[in-house]
Structures are given as C-alpha cells and as structure tokens.
Amino acid sequence: MREALYYRKKKGNVITCELCPKRCAIKEDRTGFCRVRENRGGVLYALNYGRCSSCSVDPMEKKPLYHFYPAHTILSFGTYGCNLRCGFCQNWEIAHGSPRTVTVAPEAVVPMIKAQGPRCVAVAYTYSEPLVWYEFVYDTARLVKTAGFKNVLVTNGMINEAPFRELLPYIDAVNIDIKAFRDEYYVKYCAGRLKPVLETVARARESCHVEVTTLIVTGLNDSEEELRELAAWLGSLDPDIPLHFSRYFPNFELDLPPTPPQTLYRARELAQKHLRYVYLGNIRDGDAGNTNCPDCGAIVVRREGYMARAAAFKDGKCARCGTAIPIVGTVWQS
C-alpha cells in the first residue's frame, strides 16, 4: 500500500477522494467506488500500488494506437479496479473482480522494457483503468520518461484536472474511450458522466498524442445524429485525431446482439466528414485498419489485424503525393 494522493479530510474521519469526478466520500475502513482507495484511520491508501494483475508485450496497434510508433511493441501493465462500471466491460474480471496479482516496483519497469529489445519503445498502463492506479503510474512514468522511453495511457478519461495535469508531462500518448456522446448513456450504462471525459480529451490534446475509441453498442449509442456529433466535436479539436469505432459483442452484464458491420461502415462514413483518420475494430475487413493519405487516397500504412507495415510512407509523408501524415515516430521495419 501507499498513501494516496489527492484527498482531503472532513469531519468524523470521513475522507473525500479528489482523484476523479466522483469525489467519493469515504468512511473509515471503507473504499471508494473504484475499490482500490481505502480510508484507514483518516488516511487514504492506494491498495493497488505496485499490484499487477496483467503484464504483456503487445503490438502498439492493440491499444489501439495507429499513429504512434506503428508496428512497434509496448510493454503493457494492468492492475484491478475501475471508477466506471460499464455493462459491456471487456475486462470485467480484473476491473470488477479480485484477480491474482504480483508485486511490481516502479524501478523494475525500465529494465523490463530494455529486455524486450529495440522494437519495444514504451510502457502502456492499460487493461483495467490506469487512472485509479494513479500513484504507481505517476512514479513509474517519471522513471520511464527519464530513461528515454515513452508512456501511454489507455483510459476512460474520468480524472479531475489537477491530478491529470500533474501526470501529463510524463505521458506521450493516450487512447481515451468516449463511451457515447450522450450523458444519459454514461449515467445509465457506465455509472459516469460525459463532460469530464470530454474535458480530459481536450486537455490531453494540448500535451500529447491522442487517439479516441468508441465501442458502438447495438441500439444504444449508434444513432447517426450521435455519431455525427461525436465526430464533429473531435474535428473541432483537431481533424487529425484518429477515431477508432469498435464493434460490440455481448459481454459482462449486457447481452444485446453484436453490432451489425453495416453500422460501423455508416459510422465511418459519417465521421469522415469531420475527421481524416477513422478506423474500425473488432471486424474482419482488410481495409478497416489501413491508414490512407487524406489527399490522394494512397495506403501509407497497411494493417492486417495487429500487424502493420509501411506502404506509401516516407519521412513522415505520403510517398505518392507528399502530404504530411501525422504519425508520431517511425514505422518499425522488421
């Protein structure tokens, strides 16, 4: 355990956690909504500090990050706990269960990256919600950054401004879930709110590389009006933000039919009116993951599943017409 950051004491030994917008009022010997921040004698402790439930070396594309060091690999860590409760959660066993964990010290992470070889350029804090692992992520990210490697958050974006701004100088890229573009969806299906997530996206865009993922759930967040509004909002921030529409399949507490592929194709068509790079995930389609030049249409990075390779891409530009392609880093050439 480690004493948590961002909390304040109230009367009667009650603590208000200031990490995320829920601002849980936590009585003694109780945890907040996320289950990993506990009031012990008027001190808030991070129960999950250094506790790792999942560790793997993943393709960068699996995060998904398509415009950040394509075809490289990333050392990925997860813990347990979450400050949302999405009925369709894909990682519910660790987010809402009690998985077995092993202890990992922040000082151990850099040697683990180095052991993977030159293709591995970054650490991802992922699988469960990394922002409720805040203290460990903060300590580790500083060491990783100092060593010359990159830090990536794969997150639901539910964090307050002050802790997020303190962490951002050490973060190089984020993939943020926008679950839907309706607050009522967040309230009913995720136990959260939309506005704080949008604020996190905007703040991250000021500081690091940003990509966004939206899981399209059959009949719940798939209206053309909502998808159009989501894309228009992102486009108003930056039309080069990559947007990943992912296909829903039944999981955890939700048993709706899988999203029809035609819904994803229509979503991409609508989003491309506002955004230059729109991708489809969890779908068998040879073109769904390719990066195309927005001017001439040439495939600049070709993807098959999580495998990526450069096509018409050279020196950060489309090799056919010379248009600049906003990809951070090089494409790994094996």
# chains A, B, ... in the order shown; residues from 1 in each chain; ligands from 1
>>> residues_around(residues="region 160-173 of chain A", least_positions_apart="5", cutoff="7 Å", atoms="only C-alpha atoms", output="list of chain:residue names")
A:Leu19, A:Cys20, A:Pro21, A:Tyr138, A:Ala141, A:Arg142, A:Lys145, A:Lys150, A:Asn151, A:Val152, A:Leu153, A:Ser207, A:Cys208, A:His209, A:Val210
>>> write_last_selection(atoms="C-alpha atoms", output="mmCIF file, in the first residue's frame")
data_model
loop_
_atom_site.group_PDB
_atom_site.id
_atom_site.type_symbol
_atom_site.label_atom_id
_atom_site.label_comp_id
_atom_site.auth_asym_id
_atom_site.auth_seq_id
_atom_site.Cartn_x
_atom_site.Cartn_y
_atom_site.Cartn_z
ATOM 1 C CA LEU A 19 -8.754 11.956 -7.872
ATOM 2 C CA CYS A 20 -11.781 11.579 -10.128
ATOM 3 C CA PRO A 21 -15.081 13.412 -10.688
ATOM 4 C CA TYR A 138 2.940 8.537 -11.673
ATOM 5 C CA ALA A 141 6.079 7.114 -15.678
ATOM 6 C CA ARG A 142 8.689 9.526 -14.332
ATOM 7 C CA LYS A 145 10.492 9.089 -19.205
ATOM 8 C CA LYS A 150 7.516 6.546 -23.831
ATOM 9 C CA ASN A 151 4.449 6.335 -21.589
ATOM 10 C CA VAL A 152 0.943 5.518 -22.824
ATOM 11 C CA LEU A 153 -2.405 5.650 -21.032
ATOM 12 C CA SER A 207 0.008 17.993 -24.247
ATOM 13 C CA CYS A 208 0.446 14.667 -26.048
ATOM 14 C CA HIS A 209 -0.663 12.419 -28.890
ATOM 15 C CA VAL A 210 -4.361 11.493 -28.631
#
>>> residues_around(residues="region 129-137 of chain A", least_positions_apart="3", cutoff="9 Å", atoms="only C-alpha atoms", output="number ranges by chain")
A: 2-5, 19-20, 34, 36-37, 46, 48-51, 77-84, 95, 105-106, 125-126, 140-142, 153-159, 163-164, 167
>>> closest_residue(among="A:Cys190, A:Val110, A:Val144, A:Leu234", to="Glu211 (chain A)", atoms="only C-alpha atoms")
A:Leu234
>>> residues_around(residues="region 314-330 of chain A", least_positions_apart="3", cutoff="10 Å", atoms="only C-alpha atoms", output="ChimeraX atom specification")
/A:66-72,172-173,209,240-242,277,291-301,310-311,333
>>> write_last_selection(atoms="C-alpha atoms", output="CSV table (one decimal), in the first residue's frame")
chain,number,residue,atom,x,y,z
A,66,TYR,CA,-2.3,3.6,-35.1
A,67,HIS,CA,-0.5,6.9,-35.4
A,68,PHE,CA,2.1,6.3,-32.6
A,69,TYR,CA,5.2,4.3,-33.5
A,70,PRO,CA,3.3,1.8,-35.8
A,71,ALA,CA,4.5,-1.8,-35.8
A,72,HIS,CA,6.5,-1.3,-32.6
A,172,ASP,CA,3.5,10.7,-24.6
A,173,ALA,CA,0.2,9.2,-25.9
A,209,HIS,CA,-0.7,12.4,-28.9
A,240,ASP,CA,-6.2,14.7,-37.4
A,241,ILE,CA,-7.3,12.9,-34.2
A,242,PRO,CA,-7.6,9.2,-35.1
A,277,TYR,CA,-8.5,9.2,-40.0
A,291,THR,CA,-4.0,4.5,-42.9
A,292,ASN,CA,-4.8,6.3,-46.2
A,293,CYS,CA,-3.5,9.6,-47.3
A,294,PRO,CA,-6.4,12.1,-46.9
A,295,ASP,CA,-5.4,13.8,-50.2
A,296,CYS,CA,-4.6,11.2,-52.8
A,297,GLY,CA,-6.0,8.1,-51.0
A,298,ALA,CA,-2.8,6.0,-51.2
A,299,ILE,CA,-2.3,3.4,-48.4
A,300,VAL,CA,0.5,4.8,-46.4
A,301,VAL,CA,0.4,2.2,-43.6
A,310,ALA,CA,4.8,0.9,-44.1
A,311,ALA,CA,3.4,1.2,-47.7
A,333,GLN,CA,10.8,-2.3,-40.3
>>> atom_distance(atom1="CA of Val121 (chain A)", atom2="CA of Arg205 (chain A)")
21.1 Å
>>> residues_around(residues="region 269-272 of chain A", least_positions_apart="4", cutoff="12 Å", atoms="only C-alpha atoms", output="JSON list (two decimals) with N, CA and C atoms, in the first residue's frame")
[["chain", "number", "residue", "atom", "x", "y", "z"],
["A", 214, "THR", "N", -14.43, 4.48, -29.56],
["A", 214, "THR", "CA", -15.84, 4.38, -29.18],
["A", 214, "THR", "C", -16.35, 3.00, -29.55],
["A", 222, "ASP", "N", -25.68, 4.24, -31.29],
["A", 222, "ASP", "CA", -25.36, 4.09, -32.71],
["A", 222, "ASP", "C", -26.22, 4.94, -33.63],
["A", 223, "SER", "N", -26.94, 5.93, -33.10],
["A", 223, "SER", "CA", -27.75, 6.76, -33.98],
["A", 223, "SER", "C", -26.83, 7.65, -34.84],
["A", 224, "GLU", "N", -27.29, 7.93, -36.04],
["A", 224, "GLU", "CA", -26.48, 8.76, -36.93],
["A", 224, "GLU", "C", -26.25, 10.14, -36.34],
["A", 225, "GLU", "N", -27.25, 10.68, -35.68],
["A", 225, "GLU", "CA", -27.11, 12.01, -35.09],
["A", 225, "GLU", "C", -26.01, 12.03, -34.04],
["A", 226, "GLU", "N", -25.98, 11.02, -33.17],
["A", 226, "GLU", "CA", -24.98, 10.98, -32.11],
["A", 226, "GLU", "C", -23.58, 10.76, -32.69],
["A", 227, "LEU", "N", -23.46, 9.85, -33.64],
["A", 227, "LEU", "CA", -22.15, 9.58, -34.24],
["A", 227, "LEU", "C", -21.63, 10.81, -34.97],
["A", 228, "ARG", "N", -22.52, 11.52, -35.63],
["A", 228, "ARG", "CA", -22.13, 12.75, -36.33],
["A", 228, "ARG", "C", -21.65, 13.81, -35.35],
["A", 229, "GLU", "N", -22.36, 13.95, -34.23],
["A", 229, "GLU", "CA", -21.98, 14.95, -33.23],
["A", 229, "GLU", "C", -20.63, 14.62, -32.60],
["A", 230, "LEU", "N", -20.40, 13.34, -32.32],
["A", 230, "LEU", "CA", -19.11, 12.93, -31.77],
["A", 230, "LEU", "C", -17.97, 13.31, -32.70],
["A", 231, "ALA", "N", -18.10, 12.95, -33.97],
["A", 231, "ALA", "CA", -17.05, 13.23, -34.93],
["A", 231, "ALA", "C", -16.85, 14.73, -35.13],
["A", 232, "ALA", "N", -17.95, 15.47, -35.14],
["A", 232, "ALA", "CA", -17.85, 16.92, -35.31],
["A", 232, "ALA", "C", -17.13, 17.56, -34.13],
["A", 233, "TRP", "N", -17.42, 17.08, -32.92],
["A", 233, "TRP", "CA", -16.74, 17.63, -31.74],
["A", 233, "TRP", "C", -15.24, 17.34, -31.79],
["A", 234, "LEU", "N", -14.88, 16.10, -32.10],
["A", 234, "LEU", "CA", -13.45, 15.77, -32.21],
["A", 234, "LEU", "C", -12.80, 16.60, -33.31],
["A", 235, "GLY", "N", -13.48, 16.74, -34.44],
["A", 235, "GLY", "CA", -12.93, 17.51, -35.54],
["A", 235, "GLY", "C", -12.72, 18.96, -35.18],
["A", 239, "PRO", "N", -8.93, 17.82, -36.64],
["A", 239, "PRO", "CA", -9.41, 16.80, -37.58],
["A", 239, "PRO", "C", -8.44, 15.65, -37.81],
["A", 240, "ASP", "N", -7.22, 15.78, -37.28],
["A", 240, "ASP", "CA", -6.24, 14.69, -37.42],
["A", 240, "ASP", "C", -6.28, 13.70, -36.26],
["A", 241, "ILE", "N", -7.16, 13.90, -35.26],
["A", 241, "ILE", "CA", -7.28, 12.92, -34.18],
["A", 241, "ILE", "C", -7.82, 11.61, -34.75],
["A", 242, "PRO", "N", -7.10, 10.50, -34.61],
["A", 242, "PRO", "CA", -7.62, 9.22, -35.08],
["A", 242, "PRO", "C", -8.79, 8.75, -34.19],
["A", 243, "LEU", "N", -9.86, 8.32, -34.83],
["A", 243, "LEU", "CA", -11.03, 7.79, -34.13],
["A", 243, "LEU", "C", -11.20, 6.33, -34.50],
["A", 244, "HIS", "N", -11.32, 5.49, -33.48],
["A", 244, "HIS", "CA", -11.50, 4.04, -33.67],
["A", 244, "HIS", "C", -12.93, 3.67, -33.26],
["A", 245, "PHE", "N", -13.72, 3.24, -34.22],
["A", 245, "PHE", "CA", -15.04, 2.68, -33.91],
["A", 245, "PHE", "C", -14.85, 1.17, -33.74],
["A", 262, "GLN", "N", -22.63, -3.20, -40.96],
["A", 262, "GLN", "CA", -23.05, -2.03, -41.74],
["A", 262, "GLN", "C", -23.18, -0.78, -40.86],
["A", 263, "THR", "N", -23.44, -0.97, -39.55],
["A", 263, "THR", "CA", -23.50, 0.17, -38.64],
["A", 263, "THR", "C", -22.12, 0.82, -38.53],
["A", 264, "LEU", "N", -21.08, 0.01, -38.46],
["A", 264, "LEU", "CA", -19.72, 0.56, -38.38],
["A", 264, "LEU", "C", -19.33, 1.26, -39.68],
["A", 265, "TYR", "N", -19.72, 0.68, -40.81],
["A", 265, "TYR", "CA", -19.38, 1.32, -42.09],
["A", 265, "TYR", "C", -20.07, 2.68, -42.21],
["A", 276, "ARG", "N", -10.03, 13.05, -40.54],
["A", 276, "ARG", "CA", -9.25, 12.50, -41.66],
["A", 276, "ARG", "C", -8.90, 11.03, -41.49],
["A", 277, "TYR", "N", -8.92, 10.55, -40.22],
["A", 277, "TYR", "CA", -8.46, 9.18, -39.98],
["A", 277, "TYR", "C", -9.48, 8.47, -39.07],
["A", 278, "VAL", "N", -10.25, 7.57, -39.66],
["A", 278, "VAL", "CA", -11.28, 6.83, -38.92],
["A", 278, "VAL", "C", -11.07, 5.35, -39.18],
["A", 279, "TYR", "N", -11.00, 4.56, -38.11],
["A", 279, "TYR", "CA", -10.69, 3.15, -38.21],
["A", 279, "TYR", "C", -11.82, 2.31, -37.60],
["A", 280, "LEU", "N", -11.90, 1.06, -38.02],
["A", 280, "LEU", "CA", -12.89, 0.12, -37.48],
["A", 280, "LEU", "C", -12.16, -1.04, -36.81],
["A", 288, "ALA", "N", -10.15, -1.93, -43.00],
["A", 288, "ALA", "CA", -10.65, -1.19, -41.83],
["A", 288, "ALA", "C", -9.54, -0.54, -41.02],
["A", 292, "ASN", "N", -4.84, 5.76, -44.79],
["A", 292, "ASN", "CA", -4.82, 6.28, -46.16],
["A", 292, "ASN", "C", -4.46, 7.76, -46.16],
["A", 294, "PRO", "N", -5.09, 11.38, -46.79],
["A", 294, "PRO", "CA", -6.38, 12.07, -46.94],
["A", 294, "PRO", "C", -6.49, 12.86, -48.24]]
>>> select_by_dssp(residues="region 202-258 of chain A", states="strand (DSSP E)", output="list of chain:residue names")
A:His209, A:Val210, A:Glu211, A:Val212, A:Thr213, A:Thr214, A:Leu215, A:Ile216, A:Leu243, A:His244, A:Phe245, A:Ser246, A:Arg247
>>> closest_residue(among="A:Arg193, A:Tyr185, A:Gly281, A:Leu237", to="Glu206 (chain A)", atoms="only C-alpha atoms")
A:Leu237
>>> atom_distance(atom1="CA of Cys52 (chain A)", atom2="CA of Ala25 (chain A)")
26.3 Å
>>> select_by_dssp(residues="region 215-306 of chain A", states="helix (DSSP H, G or I)", output="ChimeraX atom specification")
/A:224-237,261-271
>>> atom_distance(atom1="CA of Tyr127 (chain A)", atom2="CA of Leu143 (chain A)")
21.0 Å
>>> residues_around(residues="Asn39 (chain A)", least_positions_apart="4", cutoff="8 Å", atoms="only C-alpha atoms", output="PyMOL selection string")
chain A and resi 14-15+26-31+43-45
>>> closest_residue(among="A:Leu254, A:Val217, A:Ile178, A:Leu75", to="Pro111 (chain A)", atoms="only C-alpha atoms")
A:Leu75
